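**Student:** What follows is the file protein.txt, containing compact mmCIF, N, CA and C atoms and all ligand atoms:
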# COMPACT_ATOMS: atom_id res chain seq x y z
N MET A 11 8.86 2.70 28.65
CA MET A 11 9.85 1.84 28.03
C MET A 11 9.20 0.52 27.63
N ASN A 12 9.01 0.38 26.39
CA ASN A 12 8.36 -0.83 25.93
C ASN A 12 9.19 -1.44 24.81
N THR A 13 10.17 -2.22 25.19
CA THR A 13 11.01 -2.85 24.17
C THR A 13 10.45 -4.22 23.84
N SER A 14 9.38 -4.20 23.14
CA SER A 14 8.76 -5.47 22.76
C SER A 14 9.53 -6.12 21.62
N ALA A 15 9.15 -7.29 21.31
CA ALA A 15 9.89 -8.06 20.31
C ALA A 15 9.49 -7.62 18.90
N SER A 16 9.98 -6.48 18.55
CA SER A 16 9.71 -6.01 17.19
C SER A 16 10.99 -6.14 16.38
N ARG A 17 11.34 -7.37 16.13
CA ARG A 17 12.60 -7.57 15.41
C ARG A 17 12.37 -8.00 13.97
N GLY A 18 11.24 -7.57 13.45
CA GLY A 18 11.01 -7.82 12.03
C GLY A 18 11.83 -6.85 11.21
N THR A 19 12.56 -7.37 10.30
CA THR A 19 13.39 -6.49 9.49
C THR A 19 12.54 -5.82 8.42
N ASP A 20 12.74 -4.56 8.29
CA ASP A 20 11.98 -3.82 7.29
C ASP A 20 12.64 -3.95 5.92
N VAL A 21 12.33 -5.03 5.27
CA VAL A 21 12.87 -5.23 3.94
C VAL A 21 11.92 -4.61 2.93
N PRO A 22 12.39 -3.63 2.21
CA PRO A 22 11.51 -3.03 1.20
C PRO A 22 11.25 -3.99 0.06
N THR A 23 10.03 -4.27 -0.16
CA THR A 23 9.68 -5.17 -1.25
C THR A 23 8.92 -4.40 -2.31
N ILE A 24 9.06 -4.81 -3.52
CA ILE A 24 8.40 -4.11 -4.61
C ILE A 24 7.10 -4.77 -4.99
N THR A 25 6.88 -5.95 -4.47
CA THR A 25 5.68 -6.67 -4.87
C THR A 25 4.52 -6.42 -3.91
N THR A 26 4.83 -5.97 -2.72
CA THR A 26 3.78 -5.67 -1.78
C THR A 26 3.17 -4.31 -2.10
N GLN A 27 2.24 -3.94 -1.32
CA GLN A 27 1.49 -2.73 -1.60
C GLN A 27 2.40 -1.50 -1.68
N ARG A 28 2.27 -0.85 -2.76
CA ARG A 28 2.91 0.46 -2.86
C ARG A 28 1.90 1.39 -3.51
N LYS A 29 0.73 1.39 -2.94
CA LYS A 29 -0.36 2.19 -3.49
C LYS A 29 -0.08 3.67 -3.38
N ASN A 30 0.53 4.00 -2.28
CA ASN A 30 0.67 5.41 -1.97
C ASN A 30 2.13 5.82 -1.93
N PRO A 31 2.71 5.96 -3.10
CA PRO A 31 4.12 6.27 -3.15
C PRO A 31 4.42 7.75 -2.97
N SER A 32 3.42 8.49 -2.55
CA SER A 32 3.61 9.94 -2.46
C SER A 32 4.37 10.30 -1.19
N MET A 33 5.55 9.70 -1.08
CA MET A 33 6.39 10.02 0.05
C MET A 33 7.50 10.97 -0.39
N CYS A 34 7.27 11.58 -1.50
CA CYS A 34 8.30 12.42 -2.09
C CYS A 34 8.60 13.62 -1.21
N GLN A 35 9.86 13.77 -0.91
CA GLN A 35 10.29 14.92 -0.11
C GLN A 35 11.31 15.74 -0.88
N HIS A 36 11.32 15.51 -2.17
CA HIS A 36 12.27 16.25 -2.99
C HIS A 36 11.74 17.63 -3.33
N GLN A 37 12.65 18.49 -3.61
CA GLN A 37 12.31 19.82 -4.08
C GLN A 37 13.06 20.10 -5.37
N PRO A 38 12.35 20.38 -6.43
CA PRO A 38 10.89 20.32 -6.54
C PRO A 38 10.39 18.89 -6.49
N PRO A 39 9.13 18.71 -6.17
CA PRO A 39 8.58 17.34 -6.06
C PRO A 39 8.70 16.60 -7.38
N CYS A 40 8.89 15.31 -7.28
CA CYS A 40 8.98 14.50 -8.49
C CYS A 40 7.62 14.44 -9.19
N PRO A 41 7.63 14.30 -10.50
CA PRO A 41 6.37 14.12 -11.22
C PRO A 41 5.68 12.83 -10.77
N THR A 42 4.39 12.85 -10.81
CA THR A 42 3.64 11.68 -10.37
C THR A 42 3.73 10.57 -11.41
N ALA A 43 3.29 9.40 -11.02
CA ALA A 43 3.31 8.26 -11.92
C ALA A 43 2.36 8.47 -13.08
N GLU A 44 1.37 9.31 -12.89
CA GLU A 44 0.40 9.58 -13.95
C GLU A 44 0.92 10.63 -14.92
N SER A 45 1.96 11.28 -14.52
CA SER A 45 2.49 12.35 -15.36
C SER A 45 3.24 11.78 -16.55
N ALA A 46 3.19 12.49 -17.65
CA ALA A 46 3.94 12.06 -18.82
C ALA A 46 5.44 12.20 -18.57
N ASP A 47 5.75 12.93 -17.54
CA ASP A 47 7.14 13.21 -17.21
C ASP A 47 7.64 12.29 -16.10
N ARG A 48 6.95 11.16 -15.94
CA ARG A 48 7.19 10.31 -14.78
C ARG A 48 8.62 9.82 -14.66
N GLU A 49 9.27 9.67 -15.81
CA GLU A 49 10.63 9.14 -15.77
C GLU A 49 11.63 10.13 -15.19
N ALA A 50 11.17 11.34 -15.01
CA ALA A 50 12.06 12.36 -14.47
C ALA A 50 12.14 12.28 -12.95
N ALA A 51 11.33 11.42 -12.36
CA ALA A 51 11.39 11.27 -10.91
C ALA A 51 12.74 10.70 -10.50
N LEU A 52 13.12 11.04 -9.30
CA LEU A 52 14.40 10.57 -8.82
C LEU A 52 14.33 9.09 -8.46
N LEU A 53 15.47 8.44 -8.48
CA LEU A 53 15.52 7.02 -8.17
C LEU A 53 15.32 6.80 -6.67
N ALA A 54 14.44 5.89 -6.36
CA ALA A 54 14.27 5.50 -4.97
C ALA A 54 15.07 4.24 -4.68
N ALA A 55 15.22 3.42 -5.70
CA ALA A 55 16.02 2.21 -5.56
C ALA A 55 16.57 1.85 -6.93
N HIS A 56 17.78 1.35 -6.94
CA HIS A 56 18.40 1.03 -8.22
C HIS A 56 19.01 -0.36 -8.11
N HIS A 57 18.53 -1.27 -8.94
CA HIS A 57 19.02 -2.64 -8.90
C HIS A 57 19.43 -3.08 -10.30
N PRO A 58 20.55 -2.56 -10.76
CA PRO A 58 20.98 -2.89 -12.12
C PRO A 58 21.23 -4.38 -12.31
N GLU A 59 21.60 -5.07 -11.24
CA GLU A 59 21.83 -6.51 -11.37
C GLU A 59 20.53 -7.26 -11.63
N GLN A 60 19.42 -6.63 -11.26
CA GLN A 60 18.12 -7.24 -11.53
C GLN A 60 17.42 -6.56 -12.69
N GLY A 61 18.00 -5.49 -13.15
CA GLY A 61 17.47 -4.85 -14.35
C GLY A 61 16.30 -3.92 -14.11
N TRP A 62 16.17 -3.39 -12.91
CA TRP A 62 15.08 -2.47 -12.69
C TRP A 62 15.47 -1.38 -11.70
N SER A 63 14.71 -0.32 -11.78
CA SER A 63 14.88 0.77 -10.84
C SER A 63 13.51 1.20 -10.36
N LEU A 64 13.45 1.61 -9.13
CA LEU A 64 12.20 2.12 -8.59
C LEU A 64 12.33 3.62 -8.45
N LEU A 65 11.40 4.31 -9.08
CA LEU A 65 11.43 5.76 -9.01
C LEU A 65 10.68 6.24 -7.78
N CYS A 66 10.95 7.48 -7.46
CA CYS A 66 10.37 8.07 -6.27
C CYS A 66 8.84 8.06 -6.32
N ASN A 67 8.29 8.12 -7.51
CA ASN A 67 6.83 8.18 -7.64
C ASN A 67 6.21 6.79 -7.72
N GLY A 68 7.00 5.76 -7.50
CA GLY A 68 6.45 4.41 -7.45
C GLY A 68 6.51 3.68 -8.77
N VAL A 69 7.03 4.33 -9.79
CA VAL A 69 7.15 3.68 -11.10
C VAL A 69 8.35 2.75 -11.10
N LEU A 70 8.13 1.56 -11.59
CA LEU A 70 9.25 0.64 -11.79
C LEU A 70 9.76 0.82 -13.21
N LEU A 71 11.02 1.12 -13.31
CA LEU A 71 11.61 1.36 -14.61
C LEU A 71 12.59 0.23 -14.90
N PHE A 72 12.32 -0.48 -15.99
CA PHE A 72 13.17 -1.60 -16.33
C PHE A 72 14.26 -1.18 -17.30
N GLU A 73 15.31 -1.99 -17.34
CA GLU A 73 16.47 -1.59 -18.13
C GLU A 73 16.18 -1.58 -19.62
N ASP A 74 15.12 -2.24 -20.02
CA ASP A 74 14.76 -2.21 -21.44
C ASP A 74 13.83 -1.03 -21.72
N THR A 75 13.72 -0.13 -20.78
CA THR A 75 12.91 1.09 -20.81
C THR A 75 11.42 0.81 -20.65
N GLY A 76 11.06 -0.42 -20.40
CA GLY A 76 9.68 -0.70 -20.04
C GLY A 76 9.39 -0.17 -18.65
N GLU A 77 8.12 0.04 -18.36
CA GLU A 77 7.76 0.60 -17.08
C GLU A 77 6.56 -0.13 -16.51
N LEU A 78 6.52 -0.17 -15.20
CA LEU A 78 5.36 -0.71 -14.50
C LEU A 78 4.88 0.36 -13.53
N LEU A 79 3.68 0.84 -13.79
CA LEU A 79 3.16 1.91 -12.97
C LEU A 79 2.58 1.36 -11.67
N PRO A 80 2.47 2.22 -10.67
CA PRO A 80 1.94 1.78 -9.37
C PRO A 80 0.54 1.19 -9.48
N ASN A 81 -0.23 1.62 -10.47
CA ASN A 81 -1.59 1.09 -10.61
C ASN A 81 -1.62 -0.20 -11.42
N GLY A 82 -0.45 -0.71 -11.75
CA GLY A 82 -0.39 -1.98 -12.45
C GLY A 82 -0.30 -1.83 -13.96
N GLU A 83 -0.40 -0.62 -14.43
CA GLU A 83 -0.32 -0.39 -15.87
C GLU A 83 1.10 -0.65 -16.35
N ILE A 84 1.18 -1.26 -17.52
CA ILE A 84 2.49 -1.59 -18.07
C ILE A 84 2.76 -0.71 -19.29
N ILE A 85 3.90 -0.10 -19.29
CA ILE A 85 4.33 0.72 -20.42
C ILE A 85 5.36 -0.08 -21.21
N ALA A 86 5.10 -0.25 -22.47
CA ALA A 86 6.00 -1.02 -23.31
C ALA A 86 7.35 -0.31 -23.43
N PRO A 87 8.37 -1.10 -23.61
CA PRO A 87 9.71 -0.51 -23.78
C PRO A 87 9.74 0.46 -24.95
N HIS A 88 10.46 1.52 -24.77
CA HIS A 88 10.55 2.52 -25.83
C HIS A 88 11.99 2.99 -25.93
N ARG A 89 12.80 2.07 -26.39
CA ARG A 89 14.22 2.40 -26.51
C ARG A 89 14.41 3.59 -27.44
N PRO A 90 15.33 4.43 -27.08
CA PRO A 90 15.66 5.52 -27.99
C PRO A 90 16.31 4.96 -29.24
N LEU A 91 16.01 5.59 -30.36
CA LEU A 91 16.57 5.12 -31.61
C LEU A 91 18.07 5.36 -31.65
N GLY A 92 18.72 4.49 -32.36
CA GLY A 92 20.14 4.73 -32.56
C GLY A 92 21.02 3.88 -31.67
N THR A 93 20.39 3.12 -30.78
CA THR A 93 21.22 2.30 -29.89
C THR A 93 21.11 0.83 -30.27
N SER A 94 20.44 0.54 -31.38
CA SER A 94 20.27 -0.85 -31.75
C SER A 94 21.58 -1.44 -32.28
N GLN A 95 22.39 -0.59 -32.79
CA GLN A 95 23.68 -1.07 -33.30
C GLN A 95 24.81 -0.50 -32.46
N VAL A 96 25.37 -1.34 -31.72
CA VAL A 96 26.50 -0.90 -30.90
C VAL A 96 27.77 -1.51 -31.47
N MET A 97 28.54 -0.67 -32.09
CA MET A 97 29.76 -1.18 -32.71
C MET A 97 30.95 -0.43 -32.11
N THR A 98 31.87 -1.18 -31.67
CA THR A 98 33.07 -0.56 -31.13
C THR A 98 34.22 -0.76 -32.10
N ALA A 99 34.66 0.32 -32.63
CA ALA A 99 35.78 0.23 -33.56
C ALA A 99 37.06 -0.13 -32.80
N ALA A 100 37.75 -1.08 -33.35
CA ALA A 100 38.96 -1.54 -32.67
C ALA A 100 40.09 -0.53 -32.88
ZN ZN A 201 10.78 12.53 -5.11
Could you show the structure in this file as structure tokens?

**Tutor:**
Amino acid sequence: MNTSASRGTDVPTITTQRKNPSMCQHQPPCPTAESADREAALLAAHHPEQGWSLLCNGVLLFEDTGELLPNGEIIAPHRPLGTSQVMTAA
């Protein structure tokens, strides 16, 4: 019985090391961050109020469709065409 003072809260941070995001336990496994199919990975965290989501493979997906890969690579936003004009008919 060793109840030492381990009262540090495990706050998941996105800025600290996330070198090894291969904690995927999904079936089938999510595509890796290096995969062209990386966006198909399941969400690990979703923060719409901050405009980003963290995928299971460690990719940060921003609401403007930009991406930040675990290795620091930045993918430019690639909005799908056709959403530039949002008009709501009254
Ligand atoms: Zn996964």

**Student:** Taking all atoms listed in the file and a cut-off of 8 Å, can you tell me which residues surround ligand ZN 201 (chain A), written as a list in words?

**Tutor:**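 Sorted by chain and then by number, the residues are Ser32, Met33, Cys34, Gln35, His36, Gln37, Pro38, Pro39, Cys40, Pro41, Ala50, Ala51, Leu52, Leu53, Ala54, Leu65, Cys66 and Asn67 of chain A.
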
**Student:** Can you work out the spacing between CA of Asp74 (chain A) and CA of Ser45 (chain A) in Å, to one decimal?

**Tutor:** 20.0 Å

**Student:** Would you please work out which residue, of A:Leu64, A:Ala46, A:Ala55, A:Val69, is nearest to Asn81 (chain A) when using only N, CA and C atoms?

**Tutor:**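 Of A:Leu64, A:Ala46, A:Ala55, A:Val69, the one nearest Asn81 (chain A), counting only N, CA and C atoms, is A:Val69.
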
**Student:** Mind pulling up the distance from CA of Thr42 (chain A) to CA of Pro58 (chain A)?

**Tutor:**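 CA of Pro58 (chain A) sits 22.7 Å away from CA of Thr42 (chain A).
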
**Student:** CA of Ala43 (chain A) and atom N of Pro80 (chain A), how far apart in Å?

**Tutor:**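 Taking atom N of Pro80 (chain A) and CA of Ala43 (chain A), their separation equals 6.2 Å.
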
**Student:** Build an axis-aligned box that encloses every atom of region 78-93 of chain A listed in the file, pad it by 3 Å on each side, and report its centre and edge lengths in Å to one decimal, as JSON.

**Tutor:**
{"center_x": 9.8, "center_y": 1.8, "center_z": -21.0, "size_x": 28.8, "size_y": 13.6, "size_z": 29.2}

**Student:** Pick the closest to His88 (chain A) from A:Gly76, A:Ser63, A:Glu49, A:Leu71: which is it, counting only C-alpha atoms?

**Tutor:**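 Smallest separation from His88 (chain A) among the options: A:Gly76.
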